[in-house]
file target.cif (mmCIF, C-alpha atoms and all ligand atoms)
data_my_file
#
loop_
_atom_site.label_atom_id
_atom_site.label_comp_id
_atom_site.auth_asym_id
_atom_site.auth_seq_id
_atom_site.Cartn_x
_atom_site.Cartn_y
_atom_site.Cartn_z
CA MET A 25 0.00 0.00 0.00
CA LYS A 26 1.28 3.45 -0.93
CA THR A 27 1.07 6.16 1.72
CA TYR A 28 1.04 9.92 1.16
CA ASN A 29 1.23 12.72 3.69
CA ILE A 30 -1.21 15.42 2.68
CA ALA A 31 -1.18 18.88 4.25
CA VAL A 32 -4.80 20.02 4.39
CA ILE A 33 -5.71 23.70 4.53
CA LYS A 34 -9.46 24.13 4.77
CA GLY A 35 -9.33 27.92 5.11
CA ASP A 36 -12.34 30.22 5.35
CA GLY A 37 -15.93 30.49 4.11
CA ILE A 38 -16.97 27.40 2.15
CA GLY A 39 -13.38 26.04 2.41
CA PRO A 40 -14.08 23.50 5.18
CA GLU A 41 -17.27 22.24 3.47
CA ILE A 42 -15.67 21.60 0.08
CA VAL A 43 -12.39 20.18 1.40
CA ASN A 44 -14.32 17.69 3.55
CA GLU A 45 -15.94 16.33 0.38
CA ALA A 46 -12.59 16.05 -1.41
CA ILE A 47 -11.23 14.07 1.53
CA LYS A 48 -14.29 11.83 1.46
CA VAL A 49 -13.64 11.08 -2.23
CA LEU A 50 -9.88 10.57 -1.72
CA ASN A 51 -10.55 8.07 1.07
CA SER A 52 -13.01 6.21 -1.11
CA VAL A 53 -10.65 5.98 -4.08
CA GLY A 54 -7.85 5.03 -1.70
CA VAL A 55 -9.75 1.90 -0.70
CA VAL A 56 -10.05 0.64 -4.29
CA GLU A 57 -6.59 1.73 -5.42
CA ASN A 58 -4.80 0.67 -2.23
CA ILE A 59 -3.59 4.13 -1.27
CA LYS A 60 -3.47 5.54 2.25
CA PHE A 61 -3.61 9.27 2.89
CA ASN A 62 -2.33 10.73 6.16
CA TYR A 63 -3.89 14.15 6.53
CA LYS A 64 -2.57 16.92 8.73
CA GLU A 65 -4.51 20.15 9.01
CA TYR A 66 -2.91 23.60 8.96
CA LEU A 67 -4.27 27.11 9.31
CA LEU A 68 -4.15 29.84 6.68
CA GLY A 69 -5.99 33.06 5.94
CA GLY A 70 -8.69 34.45 8.21
CA ALA A 71 -8.86 31.29 10.30
CA ALA A 72 -5.12 31.57 10.99
CA TYR A 73 -5.37 35.28 11.78
CA ASP A 74 -8.17 34.61 14.29
CA ALA A 75 -6.25 31.79 15.94
CA VAL A 76 -2.71 33.18 16.07
CA GLY A 77 -2.78 36.74 14.65
CA ASP A 78 -0.88 35.76 11.47
CA PRO A 79 -2.55 34.78 8.15
CA CYS A 80 0.37 32.50 7.24
CA PRO A 81 1.95 30.98 10.37
CA ASP A 82 5.45 29.45 10.13
CA GLU A 83 3.99 26.14 11.25
CA THR A 84 1.81 26.05 8.11
CA ILE A 85 4.77 26.71 5.80
CA LYS A 86 6.87 24.07 7.56
CA GLY A 87 4.03 21.53 7.55
CA CYS A 88 3.40 22.04 3.82
CA LEU A 89 7.09 21.70 2.99
CA GLU A 90 7.24 18.41 4.91
CA SER A 91 4.23 16.92 3.09
CA ASP A 92 3.89 15.19 -0.29
CA ALA A 93 1.21 17.62 -1.48
CA VAL A 94 -1.08 20.36 -0.19
CA LEU A 95 -4.85 20.25 -0.58
CA PHE A 96 -6.34 23.71 -0.13
CA GLY A 97 -9.88 25.10 0.00
CA SER A 98 -10.12 28.89 -0.05
CA ILE A 99 -9.44 31.91 2.13
CA GLY A 100 -10.93 35.33 2.74
CA GLY A 101 -14.20 36.95 3.78
CA TYR A 102 -15.91 40.19 4.79
CA LYS A 103 -14.76 39.81 8.39
CA TRP A 104 -11.10 40.44 7.57
CA GLU A 105 -11.42 43.06 4.83
CA SER A 106 -10.58 46.06 7.05
CA LEU A 107 -7.36 44.57 8.46
CA PRO A 108 -4.00 46.05 7.41
CA LYS A 109 -2.82 44.53 4.11
CA GLU A 110 -0.18 42.25 5.63
CA LYS A 111 -2.71 40.71 8.04
CA ARG A 112 -5.35 40.00 5.41
CA PRO A 113 -6.08 36.40 4.36
CA GLU A 114 -4.95 37.06 0.74
CA SER A 115 -1.49 38.12 1.97
CA GLY A 116 -1.24 34.80 3.77
CA LEU A 117 -1.89 32.86 0.57
CA LEU A 118 0.58 34.96 -1.48
CA LYS A 119 3.22 34.34 1.18
CA LEU A 120 2.57 30.61 1.23
CA ARG A 121 2.85 30.34 -2.58
CA LYS A 122 6.12 32.27 -2.49
CA GLU A 123 7.58 30.24 0.39
CA LEU A 124 6.71 27.00 -1.39
CA GLY A 125 8.33 28.29 -4.62
CA LEU A 126 5.16 27.73 -6.66
CA PHE A 127 6.05 29.54 -9.88
CA ALA A 128 3.66 27.70 -12.20
CA ASN A 129 -0.11 27.77 -12.07
CA ILE A 130 -1.95 25.20 -14.14
CA ARG A 131 -5.64 25.68 -14.81
CA PRO A 132 -7.51 23.31 -17.07
CA ALA A 133 -10.80 24.42 -18.62
CA ILE A 134 -12.74 21.20 -18.87
CA ILE A 135 -16.14 21.02 -20.49
CA PHE A 136 -18.49 18.32 -19.30
CA ASP A 137 -20.83 17.28 -22.13
CA GLU A 138 -23.71 17.26 -19.64
CA LEU A 139 -23.14 20.94 -18.87
CA VAL A 140 -22.58 22.50 -22.30
CA ASN A 141 -25.74 24.52 -21.71
CA ALA A 142 -24.21 26.12 -18.61
CA SER A 143 -21.79 28.08 -20.79
CA THR A 144 -22.70 31.50 -22.12
CA LEU A 145 -21.23 30.41 -25.46
CA LYS A 146 -23.14 28.34 -28.01
CA PRO A 147 -22.94 24.57 -27.41
CA GLU A 148 -21.29 23.98 -30.82
CA ILE A 149 -18.47 26.39 -29.90
CA ILE A 150 -17.96 24.95 -26.45
CA LYS A 151 -18.46 21.19 -26.88
CA GLY A 152 -15.12 19.41 -26.93
CA VAL A 153 -13.05 22.27 -25.51
CA ASP A 154 -10.07 20.87 -23.60
CA LEU A 155 -7.42 23.43 -22.84
CA VAL A 156 -5.07 24.29 -20.04
CA VAL A 157 -3.57 27.62 -19.08
CA VAL A 158 0.01 27.56 -17.74
CA ARG A 159 0.57 30.88 -16.01
CA GLU A 160 3.81 32.19 -14.55
CA LEU A 161 2.94 32.97 -10.96
CA THR A 162 5.81 34.57 -9.06
CA GLY A 163 7.33 37.09 -11.50
CA GLY A 164 6.29 39.79 -13.96
CA ILE A 165 4.60 43.08 -13.19
CA TYR A 166 2.96 41.94 -9.94
CA PHE A 167 6.33 41.51 -8.28
CA GLY A 168 8.69 43.72 -10.37
CA GLU A 169 10.74 46.48 -8.72
CA PRO A 170 10.74 49.44 -8.71
CA ARG A 171 7.09 50.08 -7.92
CA TYR A 172 5.79 53.45 -6.77
CA LYS A 173 2.76 55.63 -6.19
CA ASP A 174 2.27 59.24 -5.09
CA LYS A 175 -0.42 61.83 -5.82
CA GLU A 176 1.08 62.78 -9.21
CA LYS A 177 2.31 59.52 -10.68
CA ALA A 178 2.49 55.77 -10.19
CA TYR A 179 4.36 52.92 -11.87
CA ASN A 180 5.10 49.22 -11.80
CA THR A 181 7.81 47.24 -13.55
CA MET A 182 7.22 44.28 -15.82
CA ILE A 183 10.38 42.22 -15.57
CA TYR A 184 11.29 38.66 -16.44
CA THR A 185 14.65 36.94 -16.14
CA ARG A 186 15.86 34.24 -18.52
CA GLU A 187 15.59 31.64 -15.76
CA GLU A 188 11.98 32.54 -14.99
CA VAL A 189 10.89 32.24 -18.62
CA GLU A 190 12.85 29.05 -19.24
CA ARG A 191 11.37 27.19 -16.28
CA ILE A 192 7.74 28.11 -17.00
CA ALA A 193 8.21 27.28 -20.70
CA HIS A 194 9.46 23.82 -19.71
CA VAL A 195 6.32 23.29 -17.61
CA ALA A 196 4.12 24.22 -20.60
CA PHE A 197 5.97 22.03 -23.10
CA LYS A 198 5.95 19.07 -20.70
CA GLU A 199 2.22 19.55 -20.19
CA ALA A 200 1.74 19.63 -23.98
CA MET A 201 3.68 16.35 -24.33
CA LYS A 202 1.03 14.71 -22.11
CA ARG A 203 -1.79 16.22 -24.18
CA ASN A 204 -2.27 17.28 -27.81
CA LYS A 205 1.29 18.61 -28.29
CA LYS A 206 0.47 22.20 -29.04
CA VAL A 207 1.64 25.31 -27.15
CA THR A 208 0.32 28.81 -27.78
CA SER A 209 2.55 31.37 -26.09
CA ILE A 210 0.76 34.64 -25.38
CA ASP A 211 2.49 38.01 -25.08
CA LYS A 212 2.44 41.61 -26.29
CA ALA A 213 5.67 41.47 -28.32
CA ASN A 214 4.47 44.15 -30.75
CA VAL A 215 4.75 46.72 -27.94
CA LEU A 216 6.77 45.38 -25.00
CA GLU A 217 10.49 44.50 -24.90
CA VAL A 218 9.82 42.12 -22.04
CA SER A 219 7.46 40.22 -24.36
CA GLU A 220 10.03 40.14 -27.19
CA PHE A 221 12.47 38.63 -24.70
CA TRP A 222 9.81 36.13 -23.51
CA ARG A 223 9.13 35.10 -27.13
CA GLU A 224 12.83 34.56 -27.97
CA ILE A 225 13.37 32.33 -24.95
CA VAL A 226 10.19 30.32 -25.57
CA GLU A 227 11.47 29.70 -29.14
CA GLU A 228 14.76 28.41 -27.72
CA ILE A 229 13.07 26.03 -25.27
CA ALA A 230 10.73 24.78 -28.01
CA LYS A 231 13.75 23.27 -29.80
CA GLU A 232 14.02 20.77 -26.94
CA TYR A 233 10.48 19.56 -27.68
CA PRO A 234 10.46 18.96 -31.46
CA GLU A 235 7.16 17.06 -31.30
CA VAL A 236 5.32 20.07 -29.89
CA GLU A 237 3.91 22.67 -32.27
CA LEU A 238 4.49 26.21 -31.02
CA ASN A 239 2.66 29.34 -32.08
CA HIS A 240 2.60 32.86 -30.64
CA MET A 241 -0.35 35.14 -30.17
CA TYR A 242 -0.78 38.72 -28.92
CA VAL A 243 -2.79 38.91 -25.73
CA ASP A 244 -5.54 41.10 -27.23
CA ASN A 245 -6.09 38.59 -30.03
CA ALA A 246 -5.97 35.70 -27.55
CA ALA A 247 -8.77 37.30 -25.51
CA MET A 248 -10.89 37.32 -28.69
CA GLN A 249 -9.90 33.85 -29.87
CA LEU A 250 -10.85 32.28 -26.53
CA ILE A 251 -14.43 33.39 -27.11
CA ARG A 252 -14.48 32.92 -30.90
CA ASN A 253 -12.94 29.46 -31.16
CA PRO A 254 -11.63 28.02 -27.87
CA LYS A 255 -11.14 24.58 -29.45
CA GLN A 256 -8.01 25.84 -31.26
CA PHE A 257 -6.06 25.84 -27.96
CA ASP A 258 -4.31 22.98 -26.20
CA VAL A 259 -1.73 24.52 -23.80
CA ILE A 260 -1.70 28.29 -23.33
CA LEU A 261 1.63 29.55 -21.95
CA THR A 262 1.71 33.06 -20.56
CA GLY A 263 3.10 35.44 -17.95
CA ASN A 264 1.62 36.53 -14.67
CA ILE A 265 -0.69 39.43 -15.55
CA PHE A 266 -1.87 38.12 -18.95
CA GLY A 267 -2.39 34.70 -17.36
CA ASP A 268 -4.39 36.18 -14.51
CA ILE A 269 -6.88 37.69 -16.95
CA LEU A 270 -6.93 34.94 -19.58
CA SER A 271 -7.26 32.09 -17.10
CA ASP A 272 -10.38 33.71 -15.64
CA GLU A 273 -11.76 34.20 -19.14
CA ALA A 274 -10.95 30.60 -20.09
CA SER A 275 -12.59 29.27 -16.95
CA MET A 276 -15.74 31.29 -17.40
CA ILE A 277 -16.49 29.83 -20.80
CA VAL A 278 -17.11 26.60 -18.91
CA GLY A 279 -20.10 28.00 -17.07
CA SER A 280 -19.71 27.58 -13.33
CA ILE A 281 -16.87 28.69 -11.15
CA GLY A 282 -17.65 25.73 -8.90
CA LEU A 283 -16.28 23.24 -11.44
CA LEU A 284 -12.70 24.31 -12.02
CA PRO A 285 -9.56 23.03 -10.34
CA SER A 286 -6.00 24.30 -10.35
CA ALA A 287 -2.51 23.19 -9.47
CA SER A 288 0.38 25.37 -8.41
CA ILE A 289 3.68 23.62 -8.88
CA GLY A 290 7.38 24.22 -9.33
CA GLY A 291 8.65 24.09 -5.76
CA ARG A 292 9.30 21.15 -3.46
CA VAL A 293 5.61 20.46 -3.01
CA GLY A 294 2.54 21.13 -5.17
CA LEU A 295 -0.59 22.93 -3.96
CA PHE A 296 -4.03 22.02 -5.32
CA GLU A 297 -7.06 24.26 -4.98
CA PRO A 298 -10.31 25.25 -6.69
CA ILE A 299 -10.09 28.47 -8.70
CA HIS A 300 -12.93 30.10 -6.80
CA GLY A 301 -12.80 32.01 -3.55
CA SER A 302 -14.37 31.40 -0.16
CA ALA A 303 -17.91 32.36 -1.30
CA PRO A 304 -18.87 34.01 2.01
CA ASP A 305 -22.41 34.57 0.66
CA ILE A 306 -23.17 30.83 0.86
CA ALA A 307 -20.70 29.69 3.54
CA GLY A 308 -22.04 27.21 6.07
CA GLU A 309 -25.21 26.55 4.06
CA GLN A 310 -24.14 23.36 2.27
CA LYS A 311 -24.87 25.02 -1.07
CA ALA A 312 -21.32 25.07 -2.46
CA ASN A 313 -20.36 22.90 -5.39
CA PRO A 314 -17.47 20.69 -4.22
CA ILE A 315 -16.55 19.48 -7.74
CA ALA A 316 -13.77 22.05 -8.30
CA THR A 317 -12.08 20.90 -5.11
CA ILE A 318 -12.63 17.21 -5.87
CA LEU A 319 -11.08 17.77 -9.33
CA SER A 320 -8.19 19.55 -7.61
CA ALA A 321 -7.71 16.40 -5.54
CA ALA A 322 -7.65 14.44 -8.84
CA MET A 323 -4.93 16.80 -10.14
CA MET A 324 -3.05 16.13 -6.91
CA LEU A 325 -3.22 12.40 -7.60
CA GLU A 326 -1.88 12.96 -11.12
CA TYR A 327 1.00 14.94 -9.59
CA LEU A 328 1.65 11.99 -7.25
CA ASN A 329 1.54 9.74 -10.34
CA GLU A 330 -1.59 7.93 -9.13
CA LEU A 331 -3.15 8.10 -12.57
CA ASN A 332 -5.74 5.35 -12.13
CA ALA A 333 -7.07 6.94 -8.97
CA ALA A 334 -7.27 10.34 -10.69
CA LYS A 335 -9.15 8.83 -13.61
CA ARG A 336 -11.61 7.11 -11.30
CA ILE A 337 -12.47 10.47 -9.74
CA LYS A 338 -12.95 12.20 -13.10
CA ASP A 339 -15.11 9.34 -14.39
CA ALA A 340 -17.21 9.38 -11.22
CA ILE A 341 -17.89 13.11 -11.62
CA LYS A 342 -18.99 12.56 -15.23
CA LYS A 343 -21.26 9.74 -14.10
CA VAL A 344 -22.89 11.80 -11.35
CA LEU A 345 -23.48 14.71 -13.74
CA ALA A 346 -24.84 12.36 -16.41
CA LEU A 347 -27.30 11.00 -13.85
CA GLY A 348 -28.60 14.53 -13.41
CA TYR A 349 -27.36 15.38 -9.93
CA ARG A 350 -26.60 19.08 -9.54
CA THR A 351 -25.63 21.41 -6.72
CA PRO A 352 -27.73 24.63 -6.53
CA ASP A 353 -25.32 26.65 -8.74
CA LEU A 354 -26.15 24.32 -11.66
CA ALA A 355 -29.78 23.62 -10.77
CA GLU A 356 -31.10 25.19 -13.98
CA PHE A 357 -29.02 22.97 -16.26
CA ASP A 358 -30.82 19.66 -16.84
CA ALA A 359 -31.02 18.80 -13.14
CA LYS A 360 -32.93 15.64 -12.21
CA GLU A 361 -32.14 16.16 -8.52
CA VAL A 362 -30.62 19.13 -6.73
CA VAL A 363 -28.32 17.98 -3.93
CA ASN A 364 -26.30 19.72 -1.25
CA THR A 365 -22.50 19.81 -0.89
CA SER A 366 -22.27 16.74 1.28
CA LYS A 367 -24.62 14.63 -0.88
CA MET A 368 -22.63 15.54 -4.00
CA GLY A 369 -19.49 14.32 -2.19
CA ASP A 370 -21.27 11.10 -1.13
CA LEU A 371 -22.33 10.38 -4.72
CA ILE A 372 -18.88 10.92 -6.20
CA ALA A 373 -17.31 8.87 -3.39
CA LYS A 374 -19.77 6.07 -4.23
CA TYR A 375 -19.12 6.05 -7.98
CA VAL A 376 -15.30 6.12 -7.75
CA LYS A 377 -15.62 2.49 -6.67
CA ASP A 378 -17.50 1.38 -9.79
P1 LIG B 401 -15.83 33.83 -4.92
O1 LIG B 401 -15.21 32.94 -5.92
O2 LIG B 401 -15.66 33.45 -3.49
O3 LIG B 401 -17.40 33.95 -5.21
C1 LIG B 401 -17.95 34.50 -6.40
C2 LIG B 401 -19.37 33.95 -6.60
O4 LIG B 401 -19.31 32.58 -6.97
C3 LIG B 401 -20.23 34.00 -5.32
O5 LIG B 401 -21.56 34.28 -5.66
C4 LIG B 401 -20.13 32.59 -4.77
O6 LIG B 401 -21.25 32.19 -4.01
C5 LIG B 401 -20.00 31.76 -6.05
N1 LIG B 401 -19.19 30.55 -5.81
C6 LIG B 401 -17.85 30.48 -5.60
N2 LIG B 401 -17.48 29.21 -5.41
C7 LIG B 401 -18.60 28.46 -5.50
C8 LIG B 401 -18.86 27.07 -5.37
N3 LIG B 401 -17.89 26.17 -5.13
N4 LIG B 401 -20.13 26.65 -5.52
C9 LIG B 401 -21.12 27.50 -5.78
N5 LIG B 401 -20.95 28.83 -5.91
C10 LIG B 401 -19.69 29.30 -5.76
O7 LIG B 401 -15.25 35.30 -5.19
P2 LIG B 401 -15.46 36.66 -4.38
O8 LIG B 401 -16.86 36.74 -3.88
O9 LIG B 401 -14.93 37.71 -5.24
O10 LIG B 401 -14.47 36.53 -3.15
C11 LIG B 401 -14.87 36.08 -1.85
C12 LIG B 401 -13.63 35.97 -0.99
O11 LIG B 401 -12.78 34.95 -1.51
C13 LIG B 401 -12.79 37.24 -0.94
O12 LIG B 401 -12.35 37.42 0.38
C14 LIG B 401 -11.64 36.94 -1.89
O13 LIG B 401 -10.48 37.67 -1.56
C15 LIG B 401 -11.46 35.47 -1.64
N6 LIG B 401 -10.79 34.74 -2.74
C16 LIG B 401 -9.98 33.74 -2.36
C17 LIG B 401 -9.36 32.96 -3.32
C18 LIG B 401 -8.50 31.83 -2.86
O14 LIG B 401 -8.64 31.38 -1.74
N7 LIG B 401 -7.63 31.29 -3.70
C19 LIG B 401 -9.59 33.21 -4.67
C20 LIG B 401 -10.47 34.23 -5.04
C21 LIG B 401 -11.08 35.00 -4.05
#

call {"tool": "encode", "arguments": {"input": "target.cif", "output": "structure tokens"}}
result
Amino acid sequence: MKTYNIAVIKGDGIGPEIVNEAIKVLNSVGVVENIKFNYKEYLLGGAAYDAVGDPCPDETIKGCLESDAVLFGSIGGYKWESLPKEKRPESGLLKLRKELGLFANIRPAIIFDELVNASTLKPEIIKGVDLVVVRELTGGIYFGEPRYKDKEKAYNTMIYTREEVERIAHVAFKEAMKRNKKVTSIDKANVLEVSEFWREIVEEIAKEYPEVELNHMYVDNAAMQLIRNPKQFDVILTGNIFGDILSDEASMIVGSIGLLPSASIGGRVGLFEPIHGSAPDIAGEQKANPIATILSAAMMLEYLNELNAAKRIKDAIKKVLALGYRTPDLAEFDAKEVVNTSKMGDLIAKYVKD
């Protein structure tokens, strides 16, 4: 029997509800695939601030670094919005990502056939979309120095080093090798030197992956193409700010924010979390859709090379959706029965065994 030590961060808002369902499903798949998970819980965000006055305690960083993977729910909420910036839940998450060295964010946009009507795009445009955005997460304009603001002017610096571009490009090309072998690198090389530099280095790295087709696209065109014909994309490779915007756009074409997982990798340990926030408006009501978090757990299993277990989870989700079970966020899309968070977890945990 294989054993993995999983650091669990439930966080704030709906975090505990959705992570509990992911654990339920992991335990169920563990029984059939002979895998044991040892979970250890750590605090982050508002829950950590309330308990110890720090949104990212050292113990959490240490515990994550000592684990095989981190399963994370979400942080934040109205209660902590007036705190000084460094005490806010979001600062805790940024610090954790930095301390774990998570420079690559991977966000698949998966379309379930049963939910093509949930998209705002026409079913014929959306059916069959299978793309993943690989976003650089710890560099670029969000972190570049110098940065400045006074009453008369303000500026930020968009900066990338060779090493930063090389390592994220490798992540994207490796991802493409596991998929349809196509990388679209997105930049603004017609205007920005930093993008010209990005493009040159991506071209160099591409030579190491001769099987992968590489094309480049300006970010403004990419924003249009994602809506016009999302099926043309396999792996989208991009920097921090463009990736921030495009990954939200790519995820929204799917329909519900409650369906989409993500992985942040690159350091000693990967972190897996839904793309949505802590949804304080529905917290504690058992209305949240746990599928994004359960799919994040499946991505975690892929990262741990437990491919059969990951596939079982994805198949079980398809089955449950095909049977017409929906959480309230998807109630209007061909629901046969609307179920709460816990029941959705029970159903997926049941079907992973089939
Ligand atoms: P949000 O993603 O929490 O919620 C946006 C809307 O989507 C809400 O109406 C919410 O009810 C709904 N929603 C989100 N997840 C859902 C789910 N699983 N099932 C059903 N409905 C769901 O975004 P927000 O309201 O802008 O932010 C709320 C808090 O979350 C803020 O404090 C924000 O800073 C934080 N946040 C945290 C993360 C993170 O932990 N990684 C990410 C984004 C936002």

call {"tool": "residues_near_ligand", "arguments": {"input": "target.cif", "ligand": "ligand LIG 401 (chain B)", "cutoff": "6 Å", "atoms": "all atoms listed in the file", "output": "ChimeraX atom specification"}}
result
/A:98-101,281-282,300-306,312-314,353

call {"tool": "axis_aligned_box", "arguments": {"input": "target.cif", "around": "region 166-182 of chain A", "padding_each_side": "4 Å", "output": "lines of an AutoDock Vina configuration file"}}
result
center_x = 5.2
center_y = 52.1
center_z = -10.5
size_x = 19.2
size_y = 29.3
size_z = 18.7

call {"tool": "atom_distance", "arguments": {"input": "target.cif", "atom1": "CA of Glu309 (chain A)", "atom2": "CA of Glu45 (chain A)"}}
result
14.3 Å

call {"tool": "atom_distance", "arguments": {"input": "target.cif", "atom1": "CA of Gly125 (chain A)", "atom2": "CA of Gly290 (chain A)"}}
result
6.3 Å

call {"tool": "residues_around", "arguments": {"input": "target.cif", "residues": "Ala274 (chain A)", "least_positions_apart": "6", "cutoff": "9 Å", "atoms": "all atoms listed in the file", "output": "PDB file with C-alpha atoms, in the frame of the given file"}}
result
ATOM      1  CA  ARG A 131      -5.640  25.680 -14.810  1.00  0.00           C
ATOM      2  CA  PRO A 132      -7.510  23.310 -17.070  1.00  0.00           C
ATOM      3  CA  ALA A 133     -10.800  24.420 -18.620  1.00  0.00           C
ATOM      4  CA  LEU A 155      -7.420  23.430 -22.840  1.00  0.00           C
ATOM      5  CA  VAL A 156      -5.070  24.290 -20.040  1.00  0.00           C
ATOM      6  CA  VAL A 157      -3.570  27.620 -19.080  1.00  0.00           C
ATOM      7  CA  ALA A 247      -8.770  37.300 -25.510  1.00  0.00           C
ATOM      8  CA  LEU A 250     -10.850  32.280 -26.530  1.00  0.00           C
ATOM      9  CA  ILE A 251     -14.430  33.390 -27.110  1.00  0.00           C
ATOM     10  CA  PRO A 254     -11.630  28.020 -27.870  1.00  0.00           C
TER      11      PRO A 254
END

call {"tool": "closest_residue", "arguments": {"input": "target.cif", "among": "A:Met248, A:Ala75, A:Val56, A:Leu238", "to": "Arg223 (chain A)", "atoms": "all atoms listed in the file"}}
result
A:Leu238

call {"tool": "atom_distance", "arguments": {"input": "target.cif", "atom1": "CA of Gly37 (chain A)", "atom2": "CA of Glu297 (chain A)"}}
result
14.1 Å

call {"tool": "closest_residue", "arguments": {"input": "target.cif", "among": "A:Ile150, A:Ala333, A:Leu68, A:Ala246", "to": "Asn51 (chain A)", "atoms": "only C-alpha atoms"}}
result
A:Ala333

call {"tool": "closest_residue", "arguments": {"input": "target.cif", "among": "A:Asp74, A:Ser280, A:Val207, A:Val376", "to": "Thr351 (chain A)", "atoms": "only C-alpha atoms"}}
result
A:Ser280

call {"tool": "closest_atom_pairs", "arguments": {"input": "target.cif", "of": "region 145-200 of chain A", "to": "region 112-119 of chain A", "cutoff": "12 Å", "atoms": "all atoms listed in the file", "output": "tab-separated table"}}
result
residue	atom	partner	partner_atom	distance
A:Leu161	CA	A:Leu118	CA	10.0
A:Thr162	CA	A:Leu118	CA	9.2
A:Tyr166	CA	A:Leu118	CA	11.2
A:Phe167	CA	A:Leu118	CA	11.1

call {"tool": "residues_around", "arguments": {"input": "target.cif", "residues": "region 326-328 of chain A", "least_positions_apart": "6", "cutoff": "9 Å", "atoms": "all atoms listed in the file", "output": "ChimeraX atom specification"}}
result
/A:28,92-93,287,294,334-335

call {"tool": "closest_residue", "arguments": {"input": "target.cif", "among": "A:Gly97, A:Pro234, A:Gly70, A:Gly267", "to": "Gly163 (chain A)", "atoms": "only C-alpha atoms"}}
result
A:Gly267

call {"tool": "residues_near_point", "arguments": {"input": "target.cif", "point": "(2.0, 17.3, -27.1)", "cutoff": "10 Å", "atoms": "all atoms listed in the file", "output": "PyMOL selection string"}}
result
chain A and resi 196-207+233-237+258-259

call {"tool": "closest_residue", "arguments": {"input": "target.cif", "among": "A:Lys231, A:Arg252, A:Arg171, A:Lys377", "to": "Asn332 (chain A)", "atoms": "all atoms listed in the file"}}
result
A:Lys377

call {"tool": "closest_residue", "arguments": {"input": "target.cif", "among": "A:Gly308, A:Ala346, A:Pro170, A:Ile130", "to": "Thr262 (chain A)", "atoms": "only C-alpha atoms"}}
result
A:Ile130

call {"tool": "residues_around", "arguments": {"input": "target.cif", "residues": "region 57-66 of chain A", "least_positions_apart": "2", "cutoff": "7 Å", "atoms": "all atoms listed in the file", "output": "PyMOL selection string"}}
result
chain A and resi 25-33+53-55+68+84+333

call {"tool": "residues_around", "arguments": {"input": "target.cif", "residues": "Phe266 (chain A)", "least_positions_apart": "3", "cutoff": "9 Å", "atoms": "all atoms listed in the file", "output": "VMD selection string"}}
result
chain A and resid 159 210 to 211 243 262 to 263 269 to 271
